[in-house]
$ cat run.txt   # compact mmCIF, C-alpha atoms
# COMPACT_ATOMS: atom_id res chain seq x y z
CA MET O 25 -22.26 -75.88 19.47
CA TYR O 26 -26.03 -75.46 19.19
CA GLU O 27 -25.69 -73.37 16.02
CA PHE O 28 -24.08 -76.18 14.03
CA GLY O 29 -25.23 -79.19 16.05
CA LEU O 30 -21.71 -80.07 17.18
CA GLY O 31 -21.89 -82.61 20.00
CA THR O 32 -25.55 -81.78 20.59
CA LYS O 33 -28.81 -81.44 18.73
CA LYS O 34 -28.99 -78.36 16.50
CA ASP O 35 -31.11 -75.75 18.30
CA SER O 36 -31.48 -72.31 16.74
CA MET O 37 -33.05 -70.64 19.79
CA ALA O 38 -30.43 -71.98 22.22
CA ALA O 39 -27.70 -70.96 19.78
CA ARG O 40 -29.07 -67.42 19.56
CA THR O 41 -29.24 -67.13 23.35
CA CYS O 42 -25.72 -68.47 23.93
CA LEU O 43 -24.21 -66.41 21.13
CA ARG O 44 -25.96 -63.22 22.29
CA GLU O 45 -24.75 -63.71 25.88
CA ALA O 46 -21.16 -64.40 24.74
CA SER O 47 -21.31 -61.42 22.41
CA GLU O 48 -22.54 -59.16 25.22
CA ARG O 49 -19.58 -60.32 27.32
CA GLY O 50 -17.24 -59.11 24.56
CA ASN O 51 -16.56 -62.27 22.57
CA VAL O 52 -15.98 -60.95 19.04
CA TYR O 53 -16.01 -64.41 17.44
CA ALA O 54 -19.42 -65.15 18.99
CA ALA O 55 -20.62 -61.78 17.69
CA GLY O 56 -19.54 -62.73 14.17
CA VAL O 57 -21.32 -66.08 14.38
CA LEU O 58 -24.40 -64.30 15.76
CA VAL O 59 -24.34 -61.90 12.80
CA SER O 60 -24.30 -64.90 10.45
CA HIS O 61 -27.11 -66.51 12.46
CA TYR O 62 -29.27 -63.39 12.16
CA TYR O 63 -28.55 -63.19 8.43
CA ARG O 64 -29.49 -66.82 7.81
CA GLN O 65 -32.68 -66.36 9.83
CA LYS O 66 -33.49 -63.35 7.59
CA MET O 67 -33.16 -60.98 10.56
CA TYR O 68 -31.23 -58.55 8.38
CA SER O 69 -31.68 -55.42 10.52
CA LYS O 70 -30.30 -57.19 13.58
CA ALA O 71 -27.43 -58.67 11.53
CA ALA O 72 -26.49 -55.26 10.15
CA GLU O 73 -26.82 -53.53 13.53
CA LEU O 74 -24.50 -55.96 15.29
CA ALA O 75 -22.09 -56.12 12.34
CA LEU O 76 -21.80 -52.32 12.41
CA LYS O 77 -20.48 -52.63 15.96
CA VAL O 78 -17.99 -55.42 15.20
CA SER O 79 -16.75 -54.68 11.67
CA PRO O 80 -14.98 -51.36 12.41
CA ILE O 81 -12.59 -53.02 14.87
CA THR O 82 -9.03 -52.36 13.67
CA GLU O 83 -6.07 -54.76 13.51
CA GLU O 84 -4.51 -53.11 16.57
CA ASP O 85 -7.80 -53.28 18.48
CA ALA O 86 -8.09 -56.99 17.60
CA LYS O 87 -4.74 -57.66 19.28
CA GLN O 88 -5.82 -55.81 22.42
CA ILE O 89 -9.22 -57.53 22.48
CA ALA O 90 -7.50 -60.92 22.18
CA ILE O 91 -5.35 -60.11 25.20
CA THR O 92 -8.18 -58.73 27.34
CA SER O 93 -10.72 -61.39 26.44
CA ARG O 94 -8.16 -64.23 26.51
CA CYS O 95 -9.39 -65.28 23.08
CA LEU O 96 -7.02 -66.34 20.33
CA GLU O 97 -6.34 -63.40 18.04
CA ARG O 98 -7.22 -65.41 14.93
CA PHE O 99 -10.73 -65.95 16.31
CA VAL O 100 -11.14 -62.26 17.06
CA ARG O 101 -10.12 -61.58 13.45
CA LYS O 102 -12.54 -64.26 12.17
CA GLY O 103 -15.38 -62.61 14.07
CA ILE O 104 -14.52 -59.26 12.50
CA SER O 105 -14.20 -60.81 9.05
CA VAL O 106 -17.51 -62.70 9.22
CA SER O 107 -19.27 -59.56 10.50
CA ALA O 108 -17.79 -57.48 7.68
CA PHE O 109 -18.86 -60.07 5.11
CA PHE O 110 -22.49 -60.17 6.20
CA LEU O 111 -22.66 -56.40 6.63
CA ALA O 112 -21.36 -56.06 3.07
CA ARG O 113 -24.04 -58.52 1.87
CA CYS O 114 -26.74 -56.48 3.63
CA LEU O 115 -25.43 -53.22 2.17
CA ALA O 116 -25.01 -54.64 -1.33
CA LYS O 117 -28.54 -56.05 -1.41
CA GLY O 118 -30.28 -53.42 0.73
CA LEU O 119 -31.29 -56.02 3.33
CA GLY O 120 -32.15 -54.40 6.67
CA VAL O 121 -30.23 -51.25 5.70
CA ALA O 122 -30.28 -48.81 2.81
CA LYS O 123 -28.59 -50.23 -0.28
CA ASN O 124 -25.09 -48.76 -0.61
CA GLU O 125 -22.65 -50.54 -2.90
CA VAL O 126 -19.79 -48.14 -2.11
CA GLU O 127 -20.01 -48.97 1.61
CA ALA O 128 -20.49 -52.66 0.74
CA SER O 129 -17.19 -52.73 -1.15
CA LYS O 130 -15.48 -51.08 1.84
CA TYR O 131 -16.65 -53.91 4.10
CA TYR O 132 -15.92 -56.61 1.52
CA SER O 133 -12.32 -55.41 1.55
CA LYS O 134 -12.15 -56.23 5.29
CA VAL O 135 -13.04 -59.88 4.70
CA ARG O 136 -10.07 -62.17 5.23
CA LEU O 137 -10.46 -65.79 4.19
CA PRO O 138 -8.07 -68.13 5.97
CA PHE O 139 -5.91 -69.53 3.20
CA GLY O 140 -2.46 -70.99 3.75
CA ALA O 141 -2.31 -73.33 6.73
CA VAL O 142 -6.03 -74.05 6.91
CA SER O 143 -7.51 -76.18 9.65
CA ASN O 144 -10.63 -78.27 9.03
CA ALA O 145 -12.72 -75.77 11.03
CA SER O 146 -11.34 -72.83 9.05
CA PHE O 147 -11.94 -74.66 5.80
CA ARG O 148 -15.54 -75.43 6.79
CA ALA O 149 -16.10 -71.81 7.85
CA THR O 150 -14.64 -70.51 4.59
CA THR O 151 -16.70 -72.95 2.55
CA TRP O 152 -19.81 -71.94 4.47
CA ILE O 153 -19.20 -68.21 3.83
CA LEU O 154 -18.64 -68.81 0.13
CA THR O 155 -21.77 -70.99 -0.05
CA CYS O 156 -23.83 -68.23 1.60
CA ALA O 157 -22.46 -65.73 -0.90
CA ARG O 158 -23.30 -68.03 -3.80
CA HIS O 159 -26.88 -68.62 -2.56
CA SER O 160 -27.57 -64.98 -1.85
CA ARG O 161 -26.43 -64.03 -5.37
CA THR O 162 -29.23 -66.19 -6.79
CA ARG O 163 -31.96 -64.37 -4.83

$ encode --input "run.txt" --output "structure tokens"
Amino acid sequence: MYEFGLGTKKDSMAARTCLREASERGNVYAAGVLVSHYYRQKMYSKAAELALKVSPITEEDAKQIAITSRCLERFVRKGISVSAFFLARCLAKGLGVAKNEVEASKYYSKVRLPFGAVSNASFRATTWILTCARHSRTR
């Protein structure tokens, strides 16, 4: 809520605190949003470090995490996908980690954009990811 100013004033520090606490409790979606937060704040090492923990989660693990954490599976998958995207960006550009385009392409392949039956929130998230990609290409 604080990250995007939904229902409250946008507050980057409060967002970071809430997302970090949720991530530490095992919320994979919060971890993905925290990775994107770190990336946008140019905290590339932190983004890559957290994304390296989240991105390797497999499809089967995502199902189990959804059951244990009582989180919808699609949000667990979104957290993994967002983490993989930003890790790939860091690897491709050498931001916070050594530049490695082979590894970057491996993580790009894990990114799943929610096409098909797309909710407004999914559409906004997808648009936001694509906008970030577009802006980081120009740097």

$ residues_around --input "run.txt" --residues "Ser129 of chain O" --least-positions-apart "2" --cutoff "12 Å" --atoms "all atoms listed in the file" --output "VMD selection string"
chain O and resid 108 to 117 123 to 127 131 to 135

$ closest_residue --input "run.txt" --among "O:Gly56, O:Glu97, O:Ser107, O:Lys33" --to "Ser79 of chain O" --atoms "all atoms listed in the file"
O:Ser107

$ atom_distance --input "run.txt" --atom1 "atom CA of Val59 of chain O" --atom2 "atom CA of Pro80 of chain O"
14.1 Å

$ atom_distance --input "run.txt" --atom1 "atom CA of Arg44 of chain O" --atom2 "atom CA of Thr82 of chain O"
21.9 Å

$ closest_residue --input "run.txt" --among "O:Ala71, O:Val52, O:Val57, O:Ala122" --to "Ile89 of chain O" --atoms "all atoms listed in the file"
O:Val52

$ closest_residue --input "run.txt" --among "O:Leu74, O:Glu48, O:Cys42, O:Arg136" --to "Tyr26 of chain O" --atoms "all atoms listed in the file"
O:Cys42
